[in-house]
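Here is the file upload.pdb (PDB, C-alpha atoms).
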ATOM      1  CA  MET F  14      -7.142 -81.598  93.247
ATOM      2  CA  THR F  15     -10.574 -81.437  94.259
ATOM      3  CA  LYS F  16     -12.769 -84.308  93.915
ATOM      4  CA  LYS F  17     -16.092 -83.918  92.293
ATOM      5  CA  LEU F  18     -18.802 -85.321  94.363
ATOM      6  CA  LYS F  19     -21.529 -87.139  92.623
ATOM      7  CA  PRO F  20     -24.956 -86.291  93.809
ATOM      8  CA  LYS F  21     -26.578 -89.057  95.615
ATOM      9  CA  THR F  22     -29.245 -90.610  93.550
ATOM     10  CA  GLU F  23     -32.078 -92.241  95.178
ATOM     11  CA  ARG F  24     -32.847 -95.618  94.129
ATOM     12  CA  ARG F  25     -36.333 -95.893  93.002
ATOM     13  CA  LYS F  26     -38.172 -98.866  94.076
ATOM     14  CA  TYR F  27     -40.170-100.305  91.285
ATOM     15  CA  THR F  28     -43.400-101.845  92.355
ATOM     16  CA  LYS F  29     -45.963-103.560  90.284
ATOM     17  CA  LYS F  30     -48.488-101.192  88.893
ATOM     18  CA  SER F  31     -51.944-101.737  90.294
ATOM     19  CA  LYS F  32     -54.594-102.786  87.822
ATOM     20  CA  PRO F  33     -57.053-100.057  86.877
ATOM     21  CA  SER F  34     -60.325-100.178  88.772
ATOM     22  CA  PHE F  35     -63.446-100.805  86.678
ATOM     23  CA  VAL F  36     -65.873-100.006  89.481
ATOM     24  CA  ALA F  37     -66.111 -96.258  88.851
ATOM     25  CA  PRO F  38     -66.813 -96.512  85.080
ATOM     26  CA  ILE F  39     -69.425 -99.217  85.709
ATOM     27  CA  ILE F  40     -71.224 -97.041  88.255
ATOM     28  CA  ILE F  41     -71.144 -94.085  85.858
ATOM     29  CA  LEU F  42     -72.485 -96.296  83.052
ATOM     30  CA  ILE F  43     -75.336 -97.572  85.260
ATOM     31  CA  VAL F  44     -76.263 -94.004  86.251
ATOM     32  CA  ILE F  45     -76.292 -92.919  82.591
ATOM     33  CA  ILE F  46     -78.487 -95.893  81.593
ATOM     34  CA  VAL F  47     -80.962 -95.180  84.409
ATOM     35  CA  LEU F  48     -81.141 -91.521  83.383
ATOM     36  CA  ILE F  49     -81.776 -92.451  79.747
ATOM     37  CA  ILE F  50     -84.530 -94.903  80.721
ATOM     38  CA  THR F  51     -86.150 -92.280  82.977
ATOM     39  CA  VAL F  52     -86.109 -89.615  80.266
ATOM     40  CA  VAL F  53     -87.511 -91.998  77.633
ATOM     41  CA  THR F  54     -90.277 -93.212  79.964
ATOM     42  CA  PHE F  55     -91.268 -89.682  80.918
ATOM     43  CA  THR F  56     -91.295 -88.552  77.274
ATOM     44  CA  LEU F  57     -93.398 -91.513  76.183
ATOM     45  CA  SER F  58     -95.877 -90.975  79.006
ATOM     46  CA  LEU F  59     -96.321 -87.368  77.890
ATOM     47  CA  LEU F  60     -96.742 -88.382  74.265
ATOM     48  CA  PHE F  61     -99.262 -91.142  74.870
ATOM     49  CA  HIS F  62    -101.206 -89.679  77.795
ATOM     50  CA  ASN F  63    -104.734 -89.232  76.534
ATOM     51  CA  PRO F  64    -106.912 -87.353  79.031
ATOM     52  CA  GLU F  65    -109.993 -87.784  76.822
ATOM     53  CA  LYS F  66    -109.785 -91.578  76.979
ATOM     54  CA  THR F  67    -109.029 -91.483  80.702
ATOM     55  CA  ILE F  68    -112.023 -89.251  81.468
ATOM     56  CA  LYS F  69    -114.374 -91.239  79.223
ATOM     57  CA  ASP F  70    -113.284 -94.473  80.908
ATOM     58  CA  GLN F  71    -113.814 -92.903  84.337
ATOM     59  CA  LEU F  72    -117.249 -91.601  83.295
ATOM     60  CA  SER F  73    -118.206 -95.069  82.039
ATOM     61  CA  ALA F  74    -117.173 -96.624  85.336
ATOM     62  CA  LEU F  75    -119.023 -93.905  87.261
ATOM     63  CA  SER F  76    -122.207 -94.338  85.213
ATOM     64  CA  LYS F  77    -122.095 -98.112  85.683
ATOM     65  CA  GLU F  78    -121.794 -97.756  89.458
ATOM     66  CA  TYR F  79    -124.462 -95.044  89.522
ATOM     67  CA  TYR F  80    -126.954 -97.145  87.564
ATOM     68  CA  GLU F  81    -126.311-100.422  89.362
ATOM     69  CA  ASN F  82    -126.066 -99.084  92.904
ATOM     70  CA  HIS F  83    -128.343 -96.063  92.877
ATOM     71  CA  LEU F  84    -130.778 -95.918  89.972
ATOM     72  CA  TYR F  85    -131.508 -99.637  89.830
ATOM     73  CA  GLU F  86    -132.029 -99.738  93.580
ATOM     74  CA  SER F  87    -134.896 -97.263  93.210
ATOM     75  CA  LEU F  88    -136.344 -99.464  90.443
ATOM     76  CA  THR F  89    -136.392-102.505  92.684
ATOM     77  CA  THR F  90    -139.081-100.881  94.837
ATOM     78  CA  ILE F  91    -141.258-100.597  91.717
ATOM     79  CA  ARG F  92    -140.437-104.177  90.750
ATOM     80  CA  GLU F  93    -141.454-105.460  94.174
ATOM     81  CA  SER F  94    -144.736-103.537  94.240
ATOM     82  CA  THR F  95    -145.986-104.592  90.775
ATOM     83  CA  SER F  96    -146.388-107.803  88.848
ATOM     84  CA  PRO F  97    -143.473-108.918  86.667
ATOM     85  CA  ALA F  98    -145.512-108.374  83.498
ATOM     86  CA  SER F  99    -146.438-104.839  84.546
ATOM     87  CA  PHE F 100    -142.838-104.067  85.471
ATOM     88  CA  ASP F 101    -141.552-105.370  82.129
ATOM     89  CA  LYS F 102    -144.123-103.294  80.248
ATOM     90  CA  THR F 103    -143.053-100.162  82.122
ATOM     91  CA  MET F 104    -139.391-100.909  81.514
ATOM     92  CA  GLU F 105    -140.006-101.469  77.782
ATOM     93  CA  LYS F 106    -141.213 -97.867  77.572
ATOM     94  CA  TYR F 107    -137.997 -96.699  79.248
ATOM     95  CA  GLN F 108    -135.988 -98.992  76.979
ATOM     96  CA  LYS F 109    -137.161 -96.947  74.017
ATOM     97  CA  TYR F 110    -137.025 -93.425  75.508
ATOM     98  CA  GLY F 111    -134.631 -93.854  78.409
ATOM     99  CA  PHE F 112    -134.858 -92.496  81.901
ATOM    100  CA  GLY F 113    -134.551 -88.767  82.438
ATOM    101  CA  THR F 114    -131.130 -87.267  81.936
ATOM    102  CA  VAL F 115    -128.765 -87.522  84.845
ATOM    103  CA  HIS F 116    -126.400 -84.580  85.032
ATOM    104  CA  LEU F 117    -122.802 -85.110  85.940
ATOM    105  CA  ARG F 118    -123.224 -83.139  89.171
ATOM    106  CA  GLN F 119    -125.784 -85.715  90.342
ATOM    107  CA  MET F 120    -123.458 -88.615  89.590
ATOM    108  CA  LEU F 121    -120.511 -86.801  91.163
ATOM    109  CA  SER F 122    -122.536 -86.078  94.267
ATOM    110  CA  TYR F 123    -123.110 -89.819  94.550
ATOM    111  CA  ASP F 124    -119.470 -90.614  93.666
ATOM    112  CA  ARG F 125    -117.862 -88.168  96.098
ATOM    113  CA  GLN F 126    -119.032 -90.426  98.907
ATOM    114  CA  THR F 127    -117.493 -93.580  97.442
ATOM    115  CA  ASN F 128    -114.636 -92.418  95.215
ATOM    116  CA  PRO F 129    -113.623 -88.792  95.844
ATOM    117  CA  SER F 130    -110.429 -88.931  93.770
ATOM    118  CA  ARG F 131    -112.315 -90.028  90.628
ATOM    119  CA  ALA F 132    -114.972 -87.372  91.195
ATOM    120  CA  GLU F 133    -112.268 -84.713  91.531
ATOM    121  CA  LEU F 134    -110.546 -85.870  88.323
ATOM    122  CA  ILE F 135    -113.766 -85.816  86.286
ATOM    123  CA  ALA F 136    -114.854 -82.452  87.691
ATOM    124  CA  LYS F 137    -111.473 -81.003  86.700
ATOM    125  CA  TYR F 138    -112.132 -81.685  82.997
ATOM    126  CA  CYS F 139    -115.925 -81.692  82.568
ATOM    127  CA  ASP F 140    -118.703 -79.178  83.158
ATOM    128  CA  GLU F 141    -120.926 -80.655  85.853
ATOM    129  CA  ASN F 142    -124.086 -78.978  84.545
ATOM    130  CA  LYS F 143    -123.620 -79.501  80.790
ATOM    131  CA  THR F 144    -122.324 -83.070  80.814
ATOM    132  CA  TYR F 145    -125.048 -85.640  81.277
ATOM    133  CA  ALA F 146    -125.936 -89.271  80.748
ATOM    134  CA  LYS F 147    -129.143 -90.975  79.695
ATOM    135  CA  PHE F 148    -129.756 -94.544  80.821
ATOM    136  CA  TYR F 149    -131.726 -97.108  78.822
ATOM    137  CA  PRO F 150    -132.657-100.398  80.513
ATOM    138  CA  GLU F 151    -132.254-103.529  78.399
ATOM    139  CA  PRO F 152    -134.068-106.862  78.673
ATOM    140  CA  PRO F 153    -134.196-108.845  80.950
ATOM    141  CA  PHE F 154    -134.087-105.588  82.974
ATOM    142  CA  ASN F 155    -131.526-106.742  85.518
ATOM    143  CA  ARG F 156    -128.997-104.704  87.441
ATOM    144  CA  ASP F 157    -126.284-104.997  84.776
ATOM    145  CA  THR F 158    -128.374-104.891  81.594
ATOM    146  CA  PHE F 159    -128.492-101.306  80.411
ATOM    147  CA  ARG F 160    -126.859 -98.946  77.965
ATOM    148  CA  VAL F 161    -125.860 -95.373  78.549
ATOM    149  CA  GLU F 162    -125.431 -92.427  76.189
ATOM    150  CA  PHE F 163    -123.345 -89.424  77.150
ATOM    151  CA  ASN F 164    -123.430 -85.791  76.147
ATOM    152  CA  TYR F 165    -119.944 -84.546  76.919
ATOM    153  CA  SER F 166    -119.045 -80.981  77.734
ATOM    154  CA  CYS F 167    -115.417 -81.495  78.661
ATOM    155  CA  ASN F 168    -112.066 -79.815  78.067
ATOM    156  CA  PHE F 169    -109.694 -82.555  76.990
TER     157      PHE F 169
END
Could you quickly redo this structure as structure tokens?
Amino acid sequence: MTKKLKPKTERRKYTKKSKPSFVAPIIILIVIIVLIITVVTFTLSLLFHNPEKTIKDQLSALSKEYYENHLYESLTTIRESTSPASFDKTMEKYQKYGFGTVHLRQMLSYDRQTNPSRAELIAKYCDENKTYAKFYPEPPFNRDTFRVEFNYSCNF
């Protein structure tokens, strides 16, 4: 009689199962959140970007610097050479009618020396020959007392 041999079975060693790692899902979640925040921020910046407001703000800043640092400086020579009463009388005439128009190209020529990036931004949107400002001095006719009116010829 032949003996049937039983196949040898390997004994499996049972070990404790390792706990699942939460590091990978957390990293994936952080990446997804960062991507969502980036997309939302970019979309909102496109929706609320207003080049007209930006250019008008830049033109206001440019005109302020131009008047205070360039135009007013030329007025100080008149102020020093005349009596205060005579100067005020002359300035009252300009208060009503304003100084001659100052074209954007003149202000940009001044600004390219001090702030070339702003000048480049404004020139990108506005016609340098058709956009102009008119300055009106205001009492007491100091460096920072004036008003300005713009005629815009810009592509916003």
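Non-sequential neighbours of Glu162 of chain F (distance at most 12 Å, separation of 6 or more positions within a chain, all atoms listed in the file) are Lys69, Leu72, Ser73, Ser76, Lys77, Tyr110, Gly111, Phe112, Gly113, Thr114, Val115, His116, Thr144, Tyr145, Ala146, Lys147, Phe148, Tyr149 and Pro150 of chain F.
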For this session: Measure the distance from atom CA of Tyr85 of chain F to atom CA of Asn164 of chain F in Å and round it to one decimal.
Result: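 Straight-line distance from atom CA of Tyr85 of chain F to atom CA of Asn164 of chain F works out to 21.1 Å.
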Exercise. Within 12 Å of (-110.4, -86.9, 91.1), all atoms listed in the file: residues as an NGL selection string?
Worked result: :F and (67-68 or 71-72 or 75 or 121 or 124-125 or 127-139)
Problem set entry | Distance criterion (only C-alpha atoms): nearest to Tyr123 of chain F out of F:Val36, F:Ser99, F:Phe163, F:Asn82 |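 Ranking F:Val36, F:Ser99, F:Phe163, F:Asn82 by distance to Tyr123 of chain F, first place goes to F:Asn82.
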Problem set entry | Spatial neighbours of segment 78-81 of chain F, max dist 7 Å, all atoms listed in the file, sep filter under 5 positions, as a VMD selection string | chain F and resid 120 156 to 157
For this session: With a distance cut-off of 9 Å and only C-alpha atoms, select the neighbouring residues of Glu105 of chain F, excluding the residue or stretch itself and same-chain residues fewer than 2 positions from it, and output the selection as a PyMOL selection string.
Result: chain F and resi 100-103+107-110+150-152+154
